[in-house]
>>> print(open('data32.cif').read())   # mmCIF, C-alpha atoms
data_run
#
loop_
_atom_site.group_PDB
_atom_site.id
_atom_site.type_symbol
_atom_site.label_atom_id
_atom_site.label_comp_id
_atom_site.auth_asym_id
_atom_site.auth_seq_id
_atom_site.Cartn_x
_atom_site.Cartn_y
_atom_site.Cartn_z
ATOM 1 C CA MET A 1114 155.134 45.197 39.063
ATOM 2 C CA LEU A 1115 157.358 48.155 39.707
ATOM 3 C CA LEU A 1116 160.344 49.138 37.597
ATOM 4 C CA MET A 1117 163.301 49.650 39.885
ATOM 5 C CA THR A 1118 166.084 51.633 38.238
ATOM 6 C CA THR A 1119 168.532 52.045 41.070
ATOM 7 C CA ASP A 1120 169.782 50.113 44.019
ATOM 8 C CA VAL A 1121 171.888 51.532 46.818
ATOM 9 C CA CYS A 1122 174.651 49.328 48.143
ATOM 10 C CA HIS A 1123 174.873 48.400 51.794
ATOM 11 C CA THR A 1124 177.201 51.342 52.517
ATOM 12 C CA GLY A 1125 174.731 53.809 51.052
ATOM 13 C CA ARG A 1126 177.495 55.495 49.052
ATOM 14 C CA MET A 1127 177.073 53.858 45.637
ATOM 15 C CA SER A 1128 174.098 53.253 43.445
ATOM 16 C CA GLN A 1129 173.796 51.113 40.349
ATOM 17 C CA ASP A 1130 171.266 51.195 37.527
ATOM 18 C CA LEU A 1131 169.623 47.772 37.583
ATOM 19 C CA GLY A 1132 166.890 48.092 34.968
ATOM 20 C CA VAL A 1133 165.100 45.166 36.628
ATOM 21 C CA ARG A 1134 161.393 44.789 37.234
ATOM 22 C CA LEU A 1135 160.775 44.035 40.897
ATOM 23 C CA LEU A 1136 157.538 43.204 42.602
ATOM 24 C CA ASP A 1137 155.678 46.288 43.717
ATOM 25 C CA PRO A 1138 155.913 46.491 47.529
ATOM 26 C CA ASP A 1139 152.317 47.764 47.572
ATOM 27 C CA GLY A 1140 151.189 44.894 45.321
ATOM 28 C CA PRO A 1141 150.321 41.332 46.332
ATOM 29 C CA ALA A 1142 151.575 40.785 49.857
ATOM 30 C CA SER A 1143 151.315 37.032 50.111
ATOM 31 C CA ALA A 1144 154.026 34.683 48.971
ATOM 32 C CA ALA A 1145 151.396 32.757 47.024
ATOM 33 C CA ALA A 1146 150.407 35.855 45.039
ATOM 34 C CA ARG A 1147 154.046 36.702 44.299
ATOM 35 C CA ALA A 1148 154.657 33.100 43.211
ATOM 36 C CA GLN A 1149 151.715 33.340 40.793
ATOM 37 C CA LEU A 1150 153.331 36.407 39.199
ATOM 38 C CA LEU A 1151 156.765 34.792 38.944
ATOM 39 C CA ALA A 1152 155.780 31.276 37.809
ATOM 40 C CA PRO A 1153 155.320 32.081 34.071
ATOM 41 C CA GLN A 1154 158.835 33.543 33.796
ATOM 42 C CA LEU A 1155 160.381 30.601 35.642
ATOM 43 C CA LYS A 1156 158.425 28.173 33.466
ATOM 44 C CA ALA A 1157 159.864 29.868 30.379
ATOM 45 C CA LEU A 1158 163.344 29.336 31.839
ATOM 46 C CA SER A 1159 162.720 25.688 32.753
ATOM 47 C CA ASP A 1160 163.874 24.197 29.454
ATOM 48 C CA PRO A 1161 167.589 23.441 28.877
ATOM 49 C CA ASN A 1162 167.414 24.641 25.257
ATOM 50 C CA ARG A 1163 165.949 27.973 26.374
ATOM 51 C CA LEU A 1164 168.677 28.371 28.970
ATOM 52 C CA HIS A 1165 171.238 27.563 26.274
ATOM 53 C CA LEU A 1166 169.799 30.336 24.093
ATOM 54 C CA LEU A 1167 169.749 32.767 27.033
ATOM 55 C CA LEU A 1168 173.421 32.024 27.727
ATOM 56 C CA LEU A 1169 174.243 32.776 24.089
ATOM 57 C CA LEU A 1170 172.215 35.994 24.233
ATOM 58 C CA ALA A 1171 173.986 36.969 27.475
ATOM 59 C CA ASP A 1172 177.078 37.414 25.271
ATOM 60 C CA GLY A 1173 175.203 39.808 22.999
ATOM 61 C CA PRO A 1174 172.295 40.160 20.561
ATOM 62 C CA ARG A 1175 172.047 37.543 17.807
ATOM 63 C CA SER A 1176 169.846 36.600 14.864
ATOM 64 C CA VAL A 1177 168.058 33.241 14.680
ATOM 65 C CA ARG A 1178 170.597 32.204 12.036
ATOM 66 C CA GLU A 1179 173.491 33.017 14.366
ATOM 67 C CA LEU A 1180 171.809 31.189 17.249
ATOM 68 C CA THR A 1181 171.227 28.182 14.974
ATOM 69 C CA GLU A 1182 174.873 28.069 13.889
ATOM 70 C CA ILE A 1183 176.302 28.496 17.394
ATOM 71 C CA SER A 1184 173.881 26.226 19.255
ATOM 72 C CA GLY A 1185 173.674 23.424 16.712
ATOM 73 C CA MET A 1186 169.874 23.469 17.032
ATOM 74 C CA SER A 1187 167.662 23.611 13.969
ATOM 75 C CA GLN A 1188 166.143 26.944 12.956
ATOM 76 C CA THR A 1189 162.703 25.607 13.847
ATOM 77 C CA LEU A 1190 163.848 24.541 17.310
ATOM 78 C CA VAL A 1191 165.545 27.895 17.986
ATOM 79 C CA SER A 1192 162.423 29.811 16.909
ATOM 80 C CA HIS A 1193 160.203 27.487 18.941
ATOM 81 C CA HIS A 1194 162.208 28.128 22.123
ATOM 82 C CA LEU A 1195 162.582 31.879 21.583
ATOM 83 C CA ALA A 1196 158.793 32.318 21.471
ATOM 84 C CA PRO A 1197 158.088 31.691 25.196
ATOM 85 C CA LEU A 1198 161.104 33.807 26.149
ATOM 86 C CA ARG A 1199 159.679 36.691 24.100
ATOM 87 C CA GLU A 1200 156.159 36.147 25.458
ATOM 88 C CA GLN A 1201 157.447 36.473 29.027
ATOM 89 C CA GLY A 1202 159.458 39.598 28.194
ATOM 90 C CA LEU A 1203 162.821 37.921 28.802
ATOM 91 C CA VAL A 1204 163.982 38.396 25.198
ATOM 92 C CA THR A 1205 163.352 41.308 22.842
ATOM 93 C CA VAL A 1206 163.284 41.342 19.033
ATOM 94 C CA THR A 1207 164.506 44.139 16.789
ATOM 95 C CA PRO A 1208 164.101 43.992 13.001
ATOM 96 C CA ARG A 1209 167.429 44.290 11.149
ATOM 97 C CA GLY A 1210 167.214 44.101 7.379
ATOM 98 C CA ARG A 1211 165.626 40.809 6.393
ATOM 99 C CA SER A 1212 166.156 39.196 9.802
ATOM 100 C CA ASN A 1213 165.341 39.840 13.435
ATOM 101 C CA VAL A 1214 167.908 40.320 16.162
ATOM 102 C CA HIS A 1215 167.124 38.806 19.557
ATOM 103 C CA ALA A 1216 168.567 40.184 22.787
ATOM 104 C CA LEU A 1217 168.062 39.798 26.504
ATOM 105 C CA CYS A 1218 165.377 42.134 27.814
ATOM 106 C CA CYS A 1219 167.959 43.955 29.902
ATOM 107 C CA GLU A 1220 171.639 43.632 30.708
ATOM 108 C CA ALA A 1221 170.684 42.975 34.329
ATOM 109 C CA LEU A 1222 169.400 39.532 33.260
ATOM 110 C CA ALA A 1223 172.786 38.466 31.831
ATOM 111 C CA GLY A 1224 174.493 38.282 35.238
ATOM 112 C CA PRO A 1225 171.909 36.020 36.912
ATOM 113 C CA VAL A 1226 171.763 33.770 33.826
ATOM 114 C CA ARG A 1227 175.550 33.337 33.913
ATOM 115 C CA LEU A 1228 175.446 32.774 37.677
ATOM 116 C CA LEU A 1229 172.817 30.042 37.332
ATOM 117 C CA ALA A 1230 174.901 28.358 34.626
ATOM 118 C CA THR A 1231 177.982 28.491 36.845
ATOM 119 C CA LEU A 1232 176.086 27.020 39.784
ATOM 120 C CA ALA A 1233 174.637 24.282 37.593
ATOM 121 C CA ALA A 1234 178.073 23.434 36.241
ATOM 122 C CA LEU A 1235 179.306 22.688 39.769
ATOM 123 C CA THR A 1236 177.419 19.382 39.762
ATOM 124 C CA PRO A 1237 178.120 16.558 37.280
ATOM 125 C CA GLU A 1238 174.492 16.621 36.112
ATOM 126 C CA GLY A 1239 174.551 20.387 35.746
ATOM 127 C CA ALA A 1240 177.841 20.363 33.871
ATOM 128 C CA GLU A 1241 176.502 17.725 31.471
ATOM 129 C CA ALA A 1242 173.248 19.629 30.846
ATOM 130 C CA CYS A 1243 174.724 23.110 30.803
ATOM 131 C CA CYS A 1244 178.081 22.750 29.156
ATOM 132 C CA SER A 1245 177.580 20.065 26.509
ATOM 133 C CA ASP A 1246 178.201 20.951 22.889
ATOM 134 C CA GLU A 1247 175.367 18.614 21.867
ATOM 135 C CA PRO A 1248 171.972 20.317 21.398
ATOM 136 C CA ILE A 1249 169.302 18.908 23.652
ATOM 137 C CA GLY A 1250 166.357 17.276 21.877
ATOM 138 C CA ALA A 1251 167.716 18.126 18.413
#
>>> encode(input="data32.cif", output="structure tokens")
Amino acid sequence: MLLMTTDVCHTGRMSQDLGVRLLDPDGPASAAARAQLLAPQLKALSDPNRLHLLLLLADGPRSVRELTEISGMSQTLVSHHLAPLREQGLVTVTPRGRSNVHALCCEALAGPVRLLATLAALTPEGAEACCSDEPIGA
């Protein structure tokens, strides 16, 4: 993978720091190879509780205790779902005193996470899954 730090808009006059890892253009050329690289991250995002946590982290870094209080999930469930997000590099952990603060890997991830939640909320099923105050599987 290649770390892309800038993107030039279609006019060529503005650039924006993206901080997003993109597939290396000299890397795997086939769609199948690219899919193999992307599948673990998408699998980590495939759980509604994990998406709920990502949406909370899109608003800013939080401790497990804060995520537990806001989400209504148990501490064990929050920790369980943060693990695959950390393993795939989607969430980072920073020690702070006696707790750890979790944050999105990069601010560039917050926009797409919010966009996916907005798109999901446009359908009745998506709105029920995405916007319910009830924790899923708690």
>>> resolve_selection(input="data32.cif", expression="the PyMOL selection byres ((chain A and resi 1203) around 12)", output="ChimeraX atom specification")
/A:1133-1134,1153-1158,1163-1164,1166-1167,1170-1171,1194-1202,1204-1206,1215-1223,1226
>>> atom_distance(input="data32.cif", atom1="atom CA of Pro1225 of chain A", atom2="atom CA of Gln1149 of chain A")
20.7 Å
>>> atom_distance(input="data32.cif", atom1="atom CA of Gly1185 of chain A", atom2="atom CA of Leu1169 of chain A")
11.9 Å
>>> resolve_selection(input="data32.cif", expression="the PyMOL selection byres ((chain A and resi 1212) around 12)", output="list in words")
Arg1175, Ser1176, Val1177, Arg1178, Glu1179, Val1206, Thr1207, Pro1208, Arg1209, Gly1210, Arg1211, Asn1213, Val1214 and His1215 of chain A
>>> atom_distance(input="data32.cif", atom1="atom CA of Leu1180 of chain A", atom2="atom CA of Leu1232 of chain A")
23.3 Å
>>> closest_residue(input="data32.cif", among="A:Ala1145, A:Leu1150, A:Leu1168, A:Val1191", to="Thr1231 of chain A", atoms="only C-alpha atoms")
A:Leu1168
>>> decode(input="data32.cif", residues="segment 1133-1241 of chain A", atoms="C-alpha atoms", output="PDB file, in the first residue's frame")
ATOM      1  CA  VAL A1133      -5.371   8.005   3.511  1.00  0.00           C
ATOM      2  CA  ARG A1134      -3.648   4.792   2.536  1.00  0.00           C
ATOM      3  CA  LEU A1135      -4.403   3.996  -1.092  1.00  0.00           C
ATOM      4  CA  LEU A1136      -3.464   0.944  -3.064  1.00  0.00           C
ATOM      5  CA  ASP A1137      -0.055   1.258  -4.644  1.00  0.00           C
ATOM      6  CA  PRO A1138      -0.540   1.717  -8.409  1.00  0.00           C
ATOM      7  CA  ASP A1139       2.535  -0.474  -8.960  1.00  0.00           C
ATOM      8  CA  GLY A1140       1.155  -3.142  -6.604  1.00  0.00           C
ATOM      9  CA  PRO A1141      -1.376  -5.871  -7.387  1.00  0.00           C
ATOM     10  CA  ALA A1142      -3.011  -5.028 -10.691  1.00  0.00           C
ATOM     11  CA  SER A1143      -5.940  -7.402 -10.642  1.00  0.00           C
ATOM     12  CA  ALA A1144      -9.234  -6.597  -9.007  1.00  0.00           C
ATOM     13  CA  ALA A1145      -9.034  -9.931  -7.201  1.00  0.00           C
ATOM     14  CA  ALA A1146      -5.691  -9.022  -5.617  1.00  0.00           C
ATOM     15  CA  ARG A1147      -6.976  -5.596  -4.558  1.00  0.00           C
ATOM     16  CA  ALA A1148     -10.098  -7.225  -3.096  1.00  0.00           C
ATOM     17  CA  GLN A1149      -7.900  -9.578  -1.048  1.00  0.00           C
ATOM     18  CA  LEU A1150      -6.118  -6.550   0.439  1.00  0.00           C
ATOM     19  CA  LEU A1151      -9.349  -4.697   1.211  1.00  0.00           C
ATOM     20  CA  ALA A1152     -11.485  -7.579   2.535  1.00  0.00           C
ATOM     21  CA  PRO A1153     -10.064  -7.634   6.115  1.00  0.00           C
ATOM     22  CA  GLN A1154     -10.844  -3.936   6.646  1.00  0.00           C
ATOM     23  CA  LEU A1155     -14.360  -4.307   5.247  1.00  0.00           C
ATOM     24  CA  LYS A1156     -14.919  -7.390   7.399  1.00  0.00           C
ATOM     25  CA  ALA A1157     -13.948  -5.359  10.465  1.00  0.00           C
ATOM     26  CA  LEU A1158     -16.558  -2.774   9.450  1.00  0.00           C
ATOM     27  CA  SER A1159     -19.284  -5.358   8.797  1.00  0.00           C
ATOM     28  CA  ASP A1160     -20.704  -5.411  12.320  1.00  0.00           C
ATOM     29  CA  PRO A1161     -23.354  -2.845  13.368  1.00  0.00           C
ATOM     30  CA  ASN A1162     -21.792  -2.435  16.826  1.00  0.00           C
ATOM     31  CA  ARG A1163     -18.407  -1.656  15.266  1.00  0.00           C
ATOM     32  CA  LEU A1164     -19.989   0.898  12.962  1.00  0.00           C
ATOM     33  CA  HIS A1165     -21.738   2.411  15.984  1.00  0.00           C
ATOM     34  CA  LEU A1166     -18.375   2.757  17.742  1.00  0.00           C
ATOM     35  CA  LEU A1167     -16.773   4.240  14.611  1.00  0.00           C
ATOM     36  CA  LEU A1168     -19.561   6.828  14.395  1.00  0.00           C
ATOM     37  CA  LEU A1169     -18.927   7.790  18.021  1.00  0.00           C
ATOM     38  CA  LEU A1170     -15.183   8.005  17.372  1.00  0.00           C
ATOM     39  CA  ALA A1171     -15.839  10.140  14.271  1.00  0.00           C
ATOM     40  CA  ASP A1172     -16.941  12.830  16.756  1.00  0.00           C
ATOM     41  CA  GLY A1173     -13.625  12.598  18.588  1.00  0.00           C
ATOM     42  CA  PRO A1174     -11.353  10.338  20.650  1.00  0.00           C
ATOM     43  CA  ARG A1175     -12.961   8.513  23.579  1.00  0.00           C
ATOM     44  CA  SER A1176     -12.074   6.059  26.333  1.00  0.00           C
ATOM     45  CA  VAL A1177     -13.755   2.651  26.613  1.00  0.00           C
ATOM     46  CA  ARG A1178     -15.684   4.015  29.602  1.00  0.00           C
ATOM     47  CA  GLU A1179     -16.988   6.935  27.543  1.00  0.00           C
ATOM     48  CA  LEU A1180     -17.903   4.620  24.663  1.00  0.00           C
ATOM     49  CA  THR A1181     -19.700   2.316  27.116  1.00  0.00           C
ATOM     50  CA  GLU A1182     -21.722   5.178  28.601  1.00  0.00           C
ATOM     51  CA  ILE A1183     -22.664   6.727  25.252  1.00  0.00           C
ATOM     52  CA  SER A1184     -23.377   3.514  23.342  1.00  0.00           C
ATOM     53  CA  GLY A1185     -25.187   1.625  26.082  1.00  0.00           C
ATOM     54  CA  MET A1186     -23.030  -1.433  25.343  1.00  0.00           C
ATOM     55  CA  SER A1187     -21.241  -3.273  28.120  1.00  0.00           C
ATOM     56  CA  GLN A1188     -17.536  -2.621  28.663  1.00  0.00           C
ATOM     57  CA  THR A1189     -16.782  -6.162  27.519  1.00  0.00           C
ATOM     58  CA  LEU A1190     -18.767  -5.710  24.310  1.00  0.00           C
ATOM     59  CA  VAL A1191     -17.105  -2.360  23.534  1.00  0.00           C
ATOM     60  CA  SER A1192     -13.629  -3.837  24.088  1.00  0.00           C
ATOM     61  CA  HIS A1193     -14.524  -6.910  22.035  1.00  0.00           C
ATOM     62  CA  HIS A1194     -15.575  -4.781  19.050  1.00  0.00           C
ATOM     63  CA  LEU A1195     -12.674  -2.326  19.296  1.00  0.00           C
ATOM     64  CA  ALA A1196     -10.145  -5.163  18.951  1.00  0.00           C
ATOM     65  CA  PRO A1197     -10.756  -5.955  15.240  1.00  0.00           C
ATOM     66  CA  LEU A1198     -10.887  -2.235  14.443  1.00  0.00           C
ATOM     67  CA  ARG A1199      -7.460  -1.808  16.062  1.00  0.00           C
ATOM     68  CA  GLU A1200      -6.081  -4.936  14.377  1.00  0.00           C
ATOM     69  CA  GLN A1201      -7.033  -3.559  10.957  1.00  0.00           C
ATOM     70  CA  GLY A1202      -5.531  -0.145  11.729  1.00  0.00           C
ATOM     71  CA  LEU A1203      -8.888   1.648  11.645  1.00  0.00           C
ATOM     72  CA  VAL A1204      -8.677   2.728  15.298  1.00  0.00           C
ATOM     73  CA  THR A1205      -5.639   3.807  17.306  1.00  0.00           C
ATOM     74  CA  VAL A1206      -5.057   3.621  21.066  1.00  0.00           C
ATOM     75  CA  THR A1207      -3.181   6.147  23.177  1.00  0.00           C
ATOM     76  CA  PRO A1208      -2.557   5.584  26.896  1.00  0.00           C
ATOM     77  CA  ARG A1209      -3.960   8.394  29.070  1.00  0.00           C
ATOM     78  CA  GLY A1210      -3.480   7.961  32.795  1.00  0.00           C
ATOM     79  CA  ARG A1211      -5.113   4.723  33.885  1.00  0.00           C
ATOM     80  CA  SER A1212      -7.183   4.356  30.710  1.00  0.00           C
ATOM     81  CA  ASN A1213      -6.689   4.207  26.967  1.00  0.00           C
ATOM     82  CA  VAL A1214      -8.130   6.683  24.508  1.00  0.00           C
ATOM     83  CA  HIS A1215      -9.371   5.302  21.194  1.00  0.00           C
ATOM     84  CA  ALA A1216      -9.513   7.403  18.034  1.00  0.00           C
ATOM     85  CA  LEU A1217     -10.040   6.913  14.332  1.00  0.00           C
ATOM     86  CA  CYS A1218      -6.794   6.129  12.534  1.00  0.00           C
ATOM     87  CA  CYS A1219      -7.071   9.368  10.592  1.00  0.00           C
ATOM     88  CA  GLU A1220      -9.538  12.212  10.227  1.00  0.00           C
ATOM     89  CA  ALA A1221     -10.017  11.195   6.595  1.00  0.00           C
ATOM     90  CA  LEU A1222     -11.933   8.115   7.814  1.00  0.00           C
ATOM     91  CA  ALA A1223     -14.531  10.200   9.696  1.00  0.00           C
ATOM     92  CA  GLY A1224     -16.114  11.618   6.527  1.00  0.00           C
ATOM     93  CA  PRO A1225     -16.703   8.270   4.783  1.00  0.00           C
ATOM     94  CA  VAL A1226     -18.027   6.727   8.021  1.00  0.00           C
ATOM     95  CA  ARG A1227     -20.546   9.565   8.390  1.00  0.00           C
ATOM     96  CA  LEU A1228     -21.452   9.302   4.701  1.00  0.00           C
ATOM     97  CA  LEU A1229     -22.124   5.566   4.993  1.00  0.00           C
ATOM     98  CA  ALA A1230     -24.309   6.183   8.049  1.00  0.00           C
ATOM     99  CA  THR A1231     -26.256   8.857   6.181  1.00  0.00           C
ATOM    100  CA  LEU A1232     -26.767   6.577   3.191  1.00  0.00           C
ATOM    101  CA  ALA A1233     -27.865   3.726   5.441  1.00  0.00           C
ATOM    102  CA  ALA A1234     -30.327   5.981   7.232  1.00  0.00           C
ATOM    103  CA  LEU A1235     -32.111   6.692   3.941  1.00  0.00           C
ATOM    104  CA  THR A1236     -33.716   3.241   4.030  1.00  0.00           C
ATOM    105  CA  PRO A1237     -36.069   2.080   6.813  1.00  0.00           C
ATOM    106  CA  GLU A1238     -33.794  -0.884   7.564  1.00  0.00           C
ATOM    107  CA  GLY A1239     -30.725   1.329   7.602  1.00  0.00           C
ATOM    108  CA  ALA A1240     -32.364   3.921   9.823  1.00  0.00           C
ATOM    109  CA  GLU A1241     -33.415   1.210  12.284  1.00  0.00           C
TER     110      GLU A1241
END
